[in-house]
Structure formats: structure tokens, C-alpha cells
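**Q** Data: query-v7.cif, mmCIF, C-alpha atoms.
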data_run
loop_
_atom_site.label_atom_id
_atom_site.label_comp_id
_atom_site.auth_asym_id
_atom_site.auth_seq_id
_atom_site.Cartn_x
_atom_site.Cartn_y
_atom_site.Cartn_z
CA MET A 1 15.38 -23.41 12.68
CA ALA A 2 13.97 -20.82 15.01
CA THR A 3 12.85 -17.37 14.16
CA ALA A 4 12.97 -14.79 16.89
CA THR A 5 12.52 -11.23 15.81
CA LYS A 6 11.64 -8.64 18.37
CA ALA A 7 9.84 -5.48 17.43
CA ARG A 8 8.74 -2.79 19.79
CA ALA A 9 5.35 -1.51 18.79
CA ASN A 10 4.28 2.07 19.35
CA LYS A 11 2.58 1.40 22.65
CA ALA A 12 4.89 0.66 25.56
CA ASP A 13 2.60 -2.11 26.79
CA CYS A 14 2.86 -4.02 23.53
CA GLU A 15 6.28 -5.46 22.88
CA VAL A 16 6.07 -8.01 20.12
CA SER A 17 8.09 -11.12 19.41
CA VAL A 18 7.90 -12.92 16.10
CA ARG A 19 8.62 -16.65 16.11
CA ARG A 20 7.73 -19.87 14.36
CA VAL A 21 4.17 -21.06 14.88
CA GLN A 22 3.59 -23.84 17.40
CA ALA A 23 0.71 -26.30 17.62
CA GLY A 24 -0.63 -24.46 20.67
CA ASP A 25 -0.98 -21.24 18.63
CA LEU A 26 -3.42 -22.75 16.17
CA PRO A 27 -6.65 -21.97 18.06
CA GLN A 28 -5.60 -18.31 18.30
CA VAL A 29 -4.58 -18.21 14.62
CA ILE A 30 -7.92 -19.72 13.61
CA GLY A 31 -9.76 -17.36 15.94
CA LEU A 32 -7.99 -14.30 14.53
CA ASP A 33 -8.56 -15.35 10.92
CA THR A 34 -12.23 -16.08 11.62
CA ARG A 35 -12.62 -12.68 13.28
CA VAL A 36 -10.99 -10.86 10.37
CA THR A 37 -12.48 -12.77 7.44
CA LYS A 38 -15.84 -13.69 9.07
CA LEU A 39 -15.27 -17.19 7.73
CA ALA A 40 -14.21 -20.14 9.89
CA LYS A 41 -11.67 -22.35 8.08
CA ASN A 42 -10.48 -24.77 10.75
CA GLU A 43 -9.51 -27.62 8.42
CA TYR A 44 -7.64 -25.24 6.13
CA TRP A 45 -5.54 -23.88 8.96
CA VAL A 46 -4.80 -27.32 10.38
CA ASP A 47 -3.59 -28.30 6.91
CA VAL A 48 -1.54 -25.11 6.55
CA PHE A 49 0.02 -25.78 9.93
CA LYS A 50 0.98 -29.33 8.91
CA ARG A 51 2.53 -28.18 5.66
CA TYR A 52 4.05 -24.83 6.66
CA GLY A 53 4.61 -25.29 10.36
CA ARG A 54 6.08 -28.78 10.23
CA GLN A 55 7.48 -29.61 6.81
CA ARG A 56 10.28 -28.23 4.63
CA LEU A 57 10.98 -25.50 7.16
CA HIS A 58 14.03 -24.33 5.25
CA GLU A 59 11.72 -22.85 2.60
CA ARG A 60 8.35 -22.55 4.36
CA PHE A 61 7.67 -19.96 7.02
CA PHE A 62 4.60 -19.77 9.24
CA LEU A 63 5.35 -17.09 11.81
CA VAL A 64 3.29 -15.57 14.59
CA ALA A 65 3.65 -12.27 16.42
CA GLU A 66 2.95 -12.55 20.10
CA ASN A 67 2.66 -10.07 22.91
CA ARG A 68 5.76 -10.75 24.99
CA PHE A 69 3.93 -10.10 28.23
CA ASP A 70 0.80 -12.18 27.94
CA ARG A 71 1.88 -14.46 25.02
CA ARG A 72 -1.27 -13.58 23.10
CA VAL A 73 -1.02 -14.07 19.32
CA LEU A 74 -1.42 -10.65 17.71
CA GLY A 75 -0.90 -11.66 14.10
CA PHE A 76 0.59 -14.19 11.75
CA ILE A 77 2.24 -14.44 8.35
CA VAL A 78 2.73 -17.42 6.04
CA GLY A 79 4.99 -17.68 3.04
CA GLU A 80 7.34 -19.90 1.15
CA ILE A 81 10.08 -19.87 -1.40
CA ARG A 82 8.80 -20.91 -4.81
CA VAL A 83 11.16 -21.93 -7.55
CA TRP A 84 10.64 -21.57 -11.28
CA GLU A 85 6.89 -21.07 -11.05
CA PHE A 86 5.70 -18.97 -13.99
CA GLY A 87 9.28 -19.02 -15.19
CA SER A 88 10.41 -16.99 -12.20
CA THR A 89 13.75 -17.37 -10.51
CA PRO A 90 13.44 -18.39 -6.83
CA CYS A 91 11.55 -15.83 -4.78
CA GLY A 92 9.64 -15.57 -1.52
CA TRP A 93 5.85 -15.54 -1.67
CA VAL A 94 3.69 -14.23 1.15
CA PHE A 95 0.21 -15.70 0.89
CA ALA A 96 -1.31 -14.89 4.28
CA LEU A 97 -0.91 -11.99 6.69
CA SER A 98 -3.31 -11.00 9.42
CA VAL A 99 -3.12 -8.69 12.41
CA ASP A 100 -5.55 -8.32 15.31
CA PRO A 101 -7.81 -5.41 14.27
CA ASP A 102 -7.53 -3.94 17.79
CA ILE A 103 -3.80 -3.52 17.46
CA ARG A 104 -3.37 -2.31 13.90
CA LEU A 105 -1.16 0.69 13.08
CA GLN A 106 1.23 -0.44 15.83
CA ASN A 107 3.82 -2.02 13.56
CA VAL A 108 2.85 -5.64 14.19
CA GLY A 109 2.36 -6.22 10.45
CA THR A 110 5.69 -4.57 9.77
CA ALA A 111 7.38 -6.81 12.35
CA LEU A 112 5.90 -9.90 10.69
CA LEU A 113 6.89 -8.78 7.21
CA ASP A 114 10.39 -7.88 8.39
CA ALA A 115 10.76 -11.29 9.99
CA ILE A 116 9.69 -13.26 6.95
CA SER A 117 11.84 -11.01 4.73
CA ALA A 118 14.82 -11.91 6.91
CA GLU A 119 13.98 -15.60 6.56
CA PHE A 120 13.73 -15.31 2.79
CA LYS A 121 17.07 -13.52 2.67
CA ARG A 122 18.71 -16.13 4.88
CA ALA A 123 17.37 -18.78 2.52
CA GLY A 124 19.10 -17.03 -0.37
CA VAL A 125 16.35 -15.19 -2.24
CA SER A 126 16.35 -11.47 -2.90
CA LYS A 127 12.78 -10.89 -4.03
CA MET A 128 9.48 -11.10 -2.17
CA ARG A 129 6.03 -11.18 -3.77
CA THR A 130 2.43 -11.24 -2.72
CA MET A 131 -0.97 -10.78 -4.30
CA VAL A 132 -3.66 -8.41 -3.05
CA ALA A 133 -7.22 -7.92 -4.25
CA ARG A 134 -7.53 -4.49 -5.86
CA ASP A 135 -10.40 -3.54 -3.59
CA ALA A 136 -8.75 -4.80 -0.39
CA GLN A 137 -7.75 -1.32 0.66
CA LEU A 138 -6.10 -1.92 4.03
CA PRO A 139 -3.79 -4.76 2.95
CA MET A 140 -3.03 -2.89 -0.25
CA LEU A 141 -2.09 0.29 1.62
CA PHE A 142 -0.02 -1.76 4.08
CA PHE A 143 2.04 -3.60 1.47
CA ARG A 144 2.53 -0.38 -0.50
CA SER A 145 3.70 1.43 2.63
CA GLU A 146 6.27 -1.34 3.04
CA GLY A 147 7.72 -0.46 -0.33
CA MET A 148 6.09 -3.16 -2.45
CA MET A 149 5.48 -2.15 -6.06
CA ALA A 150 3.74 -3.79 -9.01
CA GLY A 151 5.73 -6.75 -10.29
CA PRO A 152 6.38 -8.00 -13.80
CA TYR A 153 3.45 -10.46 -13.81
CA LEU A 154 -0.20 -9.86 -14.60
CA GLN A 155 -2.76 -12.11 -12.96
CA LEU A 156 -5.18 -13.51 -15.56
CA GLU A 157 -8.37 -15.48 -15.11
CA LYS A 158 -11.49 -16.67 -16.93
CA ASP A 159 -14.86 -18.13 -16.09
CA LEU A 160 -15.03 -21.84 -16.82
CA ASP A 161 -18.28 -22.41 -18.70
CA MET B 1 -0.95 7.47 -18.09
CA ARG B 2 -0.55 11.22 -18.12
CA LEU B 3 -1.87 13.43 -15.37
CA GLN B 4 -2.99 17.00 -15.90
CA ILE B 5 -0.65 19.65 -14.60
CA SER B 6 -3.18 20.65 -11.93
CA THR B 7 -3.17 17.09 -10.59
CA ARG B 8 0.61 16.95 -10.55
CA LEU B 9 0.78 20.29 -8.76
CA ALA B 10 -1.80 19.15 -6.22
CA ILE B 11 0.24 16.01 -5.51
CA PHE B 12 3.50 17.95 -5.25
CA ALA B 13 1.89 20.58 -3.00
CA THR B 14 0.50 17.81 -0.80
CA LEU B 15 3.95 16.25 -0.55
CA GLU B 16 5.44 19.60 0.44
CA LEU B 17 2.77 20.13 3.08
CA THR B 18 3.39 16.69 4.58
CA ALA B 19 7.17 16.87 4.57
CA ARG B 20 7.06 17.83 8.25
CA GLU B 21 4.22 17.65 10.72
CA GLY B 22 2.38 20.96 11.07
CA ILE B 23 4.29 22.59 8.24
CA GLN B 24 2.60 25.60 6.69
CA LEU B 25 3.54 26.99 3.29
CA SER B 26 2.28 29.76 1.02
CA VAL B 27 1.46 29.23 -2.64
CA GLY B 28 4.40 31.50 -3.40
CA GLU B 29 6.81 29.20 -1.59
CA ILE B 30 5.47 26.06 -3.23
CA GLY B 31 5.13 27.71 -6.66
CA GLU B 32 8.69 28.98 -6.55
CA LYS B 33 10.01 25.49 -5.91
CA TYR B 34 8.15 24.00 -8.87
CA GLY B 35 8.45 26.97 -11.18
CA VAL B 36 4.72 27.66 -11.46
CA SER B 37 2.74 30.83 -10.88
CA ALA B 38 1.18 31.46 -7.50
CA HIS B 39 -2.03 32.26 -9.37
CA HIS B 40 -2.21 28.78 -10.93
CA LEU B 41 -1.31 27.09 -7.69
CA ALA B 42 -3.90 29.14 -5.77
CA LYS B 43 -6.63 27.70 -8.01
CA VAL B 44 -5.36 24.18 -7.29
CA MET B 45 -5.24 24.84 -3.55
CA LEU B 46 -8.78 26.21 -3.61
CA VAL B 47 -10.04 22.90 -5.02
CA MET B 48 -8.09 20.99 -2.36
CA CYS B 49 -9.45 23.33 0.32
CA ARG B 50 -13.02 22.65 -0.76
CA ALA B 51 -12.32 18.91 -0.67
CA GLY B 52 -11.00 19.24 2.89
CA LEU B 53 -7.51 18.03 2.07
CA VAL B 54 -5.84 21.32 3.02
CA ARG B 55 -6.85 24.34 5.05
CA SER B 56 -5.78 27.93 4.58
CA VAL B 57 -4.27 29.81 7.45
CA ARG B 58 -4.83 33.54 7.25
CA GLY B 59 -2.74 36.41 8.52
CA ALA B 60 0.94 37.20 8.53
CA GLY B 61 2.93 34.07 7.82
CA GLY B 62 -0.25 32.40 6.61
CA GLY B 63 -0.42 29.74 4.00
CA TYR B 64 -1.75 26.22 3.70
CA GLN B 65 -1.65 23.21 5.97
CA PHE B 66 -2.46 19.62 5.09
CA SER B 67 -5.59 18.59 6.96
CA GLY B 68 -6.05 14.97 5.90
CA ASN B 69 -4.51 11.76 7.20
CA PRO B 70 -1.36 11.11 5.11
CA ARG B 71 -1.65 7.38 5.87
CA ARG B 72 -5.16 7.21 4.46
CA ILE B 73 -5.41 9.85 1.71
CA THR B 74 -4.33 8.30 -1.58
CA LEU B 75 -3.15 9.68 -4.91
CA LEU B 76 -6.56 8.71 -6.27
CA ASP B 77 -8.26 10.98 -3.70
CA VAL B 78 -6.18 13.88 -4.98
CA ALA B 79 -6.28 13.01 -8.68
CA GLN B 80 -10.04 12.63 -8.89
CA LEU B 81 -10.44 16.25 -7.85
CA PHE B 82 -8.93 17.29 -11.18
CA GLU B 83 -9.27 14.33 -13.54
CA ASP B 84 -12.17 12.45 -15.03
CA LEU B 85 -11.08 8.98 -14.02
CA SER B 86 -14.16 7.20 -15.27
CA SER B 87 -13.67 5.06 -18.34
CA ALA B 88 -13.27 7.27 -21.40
CA GLU B 89 -15.20 4.77 -23.50
CA SER B 90 -18.17 4.31 -21.19
CA ASP B 91 -20.40 6.90 -22.86
CA SER B 92 -19.70 6.14 -26.47
CA GLY B 93 -23.31 5.30 -27.30
CA ALA B 94 -25.74 2.43 -26.98
CA ALA B 95 -25.39 1.13 -30.54
CA ALA B 96 -21.85 -0.14 -30.01
CA THR B 97 -20.51 -2.71 -32.42
CA PRO B 98 -18.92 -5.91 -31.10
CA GLU B 99 -15.57 -4.32 -31.96
CA ASP B 100 -16.50 -1.26 -29.89
CA GLN B 101 -17.56 -3.45 -27.01
CA ALA B 102 -14.40 -5.54 -27.13
CA LEU B 103 -12.19 -2.45 -27.20
CA ARG B 104 -14.22 -0.91 -24.38
CA GLU B 105 -13.66 -4.00 -22.25
CA VAL B 106 -9.90 -3.76 -22.73
CA LEU B 107 -9.85 -0.03 -21.99
CA HIS B 108 -11.93 -0.62 -18.86
CA GLU B 109 -9.24 -3.02 -17.71
CA VAL B 110 -6.57 -0.37 -18.30
CA ASP B 111 -8.59 2.22 -16.35
CA ASP B 112 -9.23 -0.20 -13.51
CA MET B 113 -5.53 -0.93 -13.21
CA ALA B 114 -4.63 2.75 -13.24
CA ASN B 115 -7.22 3.61 -10.61
CA ALA B 116 -6.21 0.66 -8.45
CA THR B 117 -2.59 1.80 -8.56
CA LEU B 118 -3.41 5.41 -7.69
CA GLY B 119 -5.75 4.21 -4.95
CA SER B 120 -3.08 2.03 -3.37
CA ILE B 121 -0.49 4.75 -2.83
CA THR B 122 -1.04 6.99 0.18
CA ILE B 123 0.61 10.35 0.65
CA ALA B 124 2.75 8.80 3.39
CA THR B 125 3.86 6.05 1.01
CA MET B 126 4.63 8.68 -1.64
CA ARG B 127 6.81 10.49 0.87
CA LYS B 128 8.76 7.27 1.40
CA LEU B 129 9.13 6.89 -2.37
CA VAL B 130 10.34 10.49 -2.64
CA ASP B 131 12.87 9.84 0.11
CA ARG B 132 13.99 6.65 -1.65
CA HIS B 133 14.53 8.52 -4.89
CA GLY B 134 16.20 11.37 -3.05
CA ALA B 135 14.25 13.72 -5.29
CA GLY B 136 15.51 17.27 -5.24
CA GLY B 137 13.46 20.33 -5.99
CA THR B 138 15.21 20.88 -9.29
CA ARG B 139 14.31 17.49 -10.68
CA ARG B 140 10.68 17.79 -9.61
CA ALA B 141 10.35 21.29 -10.98
CA LYS B 142 11.73 20.06 -14.28
CA ALA B 143 9.14 17.26 -14.31
CA VAL B 144 6.29 19.72 -13.79
CA ARG B 145 7.48 22.07 -16.49
CA SER B 146 7.82 19.27 -19.02
CA ALA B 147 4.33 17.87 -18.34
#
As C-alpha cells, what does this structure read like?
**A**
Amino acid sequence: MATATKARANKADCEVSVRRVQAGDLPQVIGLDTRVTKLAKNEYWVDVFKRYGRQRLHERFFLVAENRFDRRVLGFIVGEIRVWEFGSTPCGWVFALSVDPDIRLQNVGTALLDAISAEFKRAGVSKMRTMVARDAQLPMLFFRSEGMMAGPYLQLEKDLD
Amino acid sequence: MRLQISTRLAIFATLELTAREGIQLSVGEIGEKYGVSAHHLAKVMLVMCRAGLVRSVRGAGGGYQFSGNPRRITLLDVAQLFEDLSSAESDSGAAATPEDQALREVLHEVDDMANATLGSITIATMRKLVDRHGAGGTRRAKAVRSA
């Protein structure tokens, strides 16, 4: 199944296509994540690619946004449909989203979120969820601006002594 | 969570001033829409002026303009000008009982959640929410009066 969503960003020189990740994108995905998080996680991303870029593609979505002119990866999003976790009816979960810091506020994140939303809808779910750290201001403002509101679940945790 | 009327007015005024780019409104115009006195609103706008969120434009046809970035200024930025958003239980004394401490921990959690929510909604996002609700002036004015 191929995903091909086109979104025109604000700048005329940056037309963006969103498609399924390919093996050749991985170095750019890892490079972007390392640049944004300041933490290199090569093995993690190779594993995510195997699981979300190769397997159960009807319910797992690893998408990249690329510049249509130079094919550079500008961002990526990863999510999947989860069923009956926490007693929830099937819904789409987004667990990773990153956009090149040099090209933010140009609708690349919106294009990625729109694309994965479309995939979730095509797969038959009508709800999308994510989780954001309270102090992660930019992602929080982004998801809020996309219309995401607090859901019915409360994340709980404890220190394991 | 209840917000003071000054906070609600500040948020509503900010939404009015960001409805269109470059829009300029007097306190009379905003106050009339929400059924509040220009005098009360002027005090609110003065606080916002001092915080740099709005600027006053003098002369005929003068009024106020929003001077912040609607995609970065959050409801928390506006609310903390008028509300004490620190934990209400934080200064209740050093000799707190375990019961006090336990209750304080829970109330801290409530405050953290409230602040995180206010801090995650920008003025631009609020405008989208307003558009989604299709809020008319009458409904909003009613909400202010009943606060």
C-alpha cells in the first residue's frame, strides 16, 4: 500500500510529498532524529523500520515528508492502529513525529499528520491519539493547533524501588 | 477551574484583536460586545499593555492592537497576568502533617495539569476553537456575565 500525499508548504521552493519510508531514507531519518533529540539511536530506528516500515503495513505507518525537488527528507511520522489497549476501541496512535528545525512553521508537520490521519481513516478508525510531555512546548503547541484535545485517559507512573 | 473575570476579559479581548490581522479596536467596542464597562476593560488592557501583549494606538480612531505572536502566546501567558497560578497549598506552613503533605501533593498535580493545559493553547489555536464552535457574540457575552 502506498501513501502519496502532496502538500504545498508556504515557501514556493518547498513542495512536499509524503510517502511510505524506504530503506534508503533511514540514514536521513536517523540524522534528523539525532539532530533534534541530540541522541543517536541507530539500532532503535533500524528496529522501528523493520517493524513499521516492513511488517503489518495495513495497520502500521512510517511515513516521510520529502522535498519533491531534491528528495531530501524533511520530516517523518510513525504510528499504528492499536486495538483494545487500556480497554480502548481501535484507534490510531502517533508515537513519533519530527520535522527539520530549519523548515518548521511551513506546514510539513501538518502534511505528515494529515497523511497519517488519512491512513488511519482508510484503515477504519475514527480517533487518533498521541502523548506529549507537558514541558515539550513546541510539539504540544503543534498538536493543539491541529485540533487535538485532552483525551479520556490519564497517564500514571511510579518509581520502582 | 474558574478564571477571574479580568482573565476572561483579557482572553476575549485578545481573541477580538486577533480576529483579523492588524485589527484595532477600542475598549468601548470590545466592552459593548461582552456587556462590560469600558472602565473595567481599560484596566485589563492596561495590564496587557504593560506586559507587551497589546499596544494602544492614540488619536482619532485609536484603540488597541495585539502586539504578540498569536502562534506563540498562550492562554497561560495571559492568565498569569491576572491570576496567582502557583499552588494554593504551597505556603501553608512548614509544620505540615502527613495528611497536609499528601493533600498538597494531589493539589500540586491538579495545578500542574491546569497550567499545562493553559500553556498548551495558543491564541491562534483558541481562534480555531472559536471558529469550530461558531461562537457568536451573544453566547460569549452571556458567559462573561455569568462568571
**Q** Could you tell me which of A:Ala65, A:Met148, A:Leu160, A:Met140 comes closest to chain B if we count all atoms listed in the file?
**A** A:Met140
**Q** Looking at B:Leu25, B:Gln101, B:Ser86, B:Ile73, which one is nearest to chain A, with distances taken over all atoms listed in the file?
**A**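 Counting all atoms listed in the file, the residue closest to chain A is B:Ile73.
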**Q** Enumerate as a list in words the residues belonging to chain A that approach chain B to within 8 Å, with only C-alpha atoms taken into account.
**A**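 Contact residues on the first chain: Arg134, Asp135, Gln137, Met140, Leu141, Arg144, Ser145 and Gly147 of chain A.
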**Q** From the options A:Phe69, A:Phe143, A:Tyr153, A:Phe95, which residue's atoms come nearest to A:Val16, counting all atoms listed in the file?
**A**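 So, comparing all the options, the nearest one is A:Phe69.
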**Q** Please provide as JSON, numbers by chain all residues within 12 Å of A:Tyr44, with the sequence filter that same-chain residues fewer than 6 positions apart are discarded (counting only C-alpha atoms).
**A** {"A": [26, 29, 30, 33, 34, 50, 51, 52]}
**Q** Produce a file of the selected residues containing C-alpha atoms, as a PDB file, in the frame of the given file.
**A**
ATOM      1  CA  LEU A  26      -3.420 -22.750  16.170  1.00  0.00           C
ATOM      2  CA  VAL A  29      -4.580 -18.210  14.620  1.00  0.00           C
ATOM      3  CA  ILE A  30      -7.920 -19.720  13.610  1.00  0.00           C
ATOM      4  CA  ASP A  33      -8.560 -15.350  10.920  1.00  0.00           C
ATOM      5  CA  THR A  34     -12.230 -16.080  11.620  1.00  0.00           C
ATOM      6  CA  LYS A  50       0.980 -29.330   8.910  1.00  0.00           C
ATOM      7  CA  ARG A  51       2.530 -28.180   5.660  1.00  0.00           C
ATOM      8  CA  TYR A  52       4.050 -24.830   6.660  1.00  0.00           C
TER       9      TYR A  52
END
**Q** Restricting the calculation to all atoms listed in the file, which member of A:Glu66, A:Asp47, A:Asp159, A:Glu59 is positioned closest to A:Val108?
**A**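 Comparing A:Glu66, A:Asp47, A:Asp159, A:Glu59 against A:Val108, the winner is A:Glu66.
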**Q** Could you tell me, as a compact mmCIF listing (two decimals) with C-alpha atoms, in the frame of the given file, exactly which residues end up selected when the PyMOL selection byres ((chain B and resi 38-51) around 10) is applied to this structure?
**A**
# COMPACT_ATOMS: atom_id res chain seq x y z
CA ILE B 5 -0.65 19.65 -14.60
CA SER B 6 -3.18 20.65 -11.93
CA THR B 7 -3.17 17.09 -10.59
CA ARG B 8 0.61 16.95 -10.55
CA LEU B 9 0.78 20.29 -8.76
CA ALA B 10 -1.80 19.15 -6.22
CA ALA B 13 1.89 20.58 -3.00
CA THR B 14 0.50 17.81 -0.80
CA SER B 26 2.28 29.76 1.02
CA VAL B 27 1.46 29.23 -2.64
CA GLY B 28 4.40 31.50 -3.40
CA GLU B 29 6.81 29.20 -1.59
CA ILE B 30 5.47 26.06 -3.23
CA GLY B 31 5.13 27.71 -6.66
CA GLU B 32 8.69 28.98 -6.55
CA GLY B 35 8.45 26.97 -11.18
CA VAL B 36 4.72 27.66 -11.46
CA SER B 37 2.74 30.83 -10.88
CA GLY B 52 -11.00 19.24 2.89
CA LEU B 53 -7.51 18.03 2.07
CA VAL B 54 -5.84 21.32 3.02
CA ARG B 55 -6.85 24.34 5.05
CA SER B 56 -5.78 27.93 4.58
CA TYR B 64 -1.75 26.22 3.70
CA GLN B 65 -1.65 23.21 5.97
CA PHE B 66 -2.46 19.62 5.09
CA SER B 67 -5.59 18.59 6.96
CA GLY B 68 -6.05 14.97 5.90
CA ASP B 77 -8.26 10.98 -3.70
CA VAL B 78 -6.18 13.88 -4.98
CA LEU B 81 -10.44 16.25 -7.85
CA PHE B 82 -8.93 17.29 -11.18
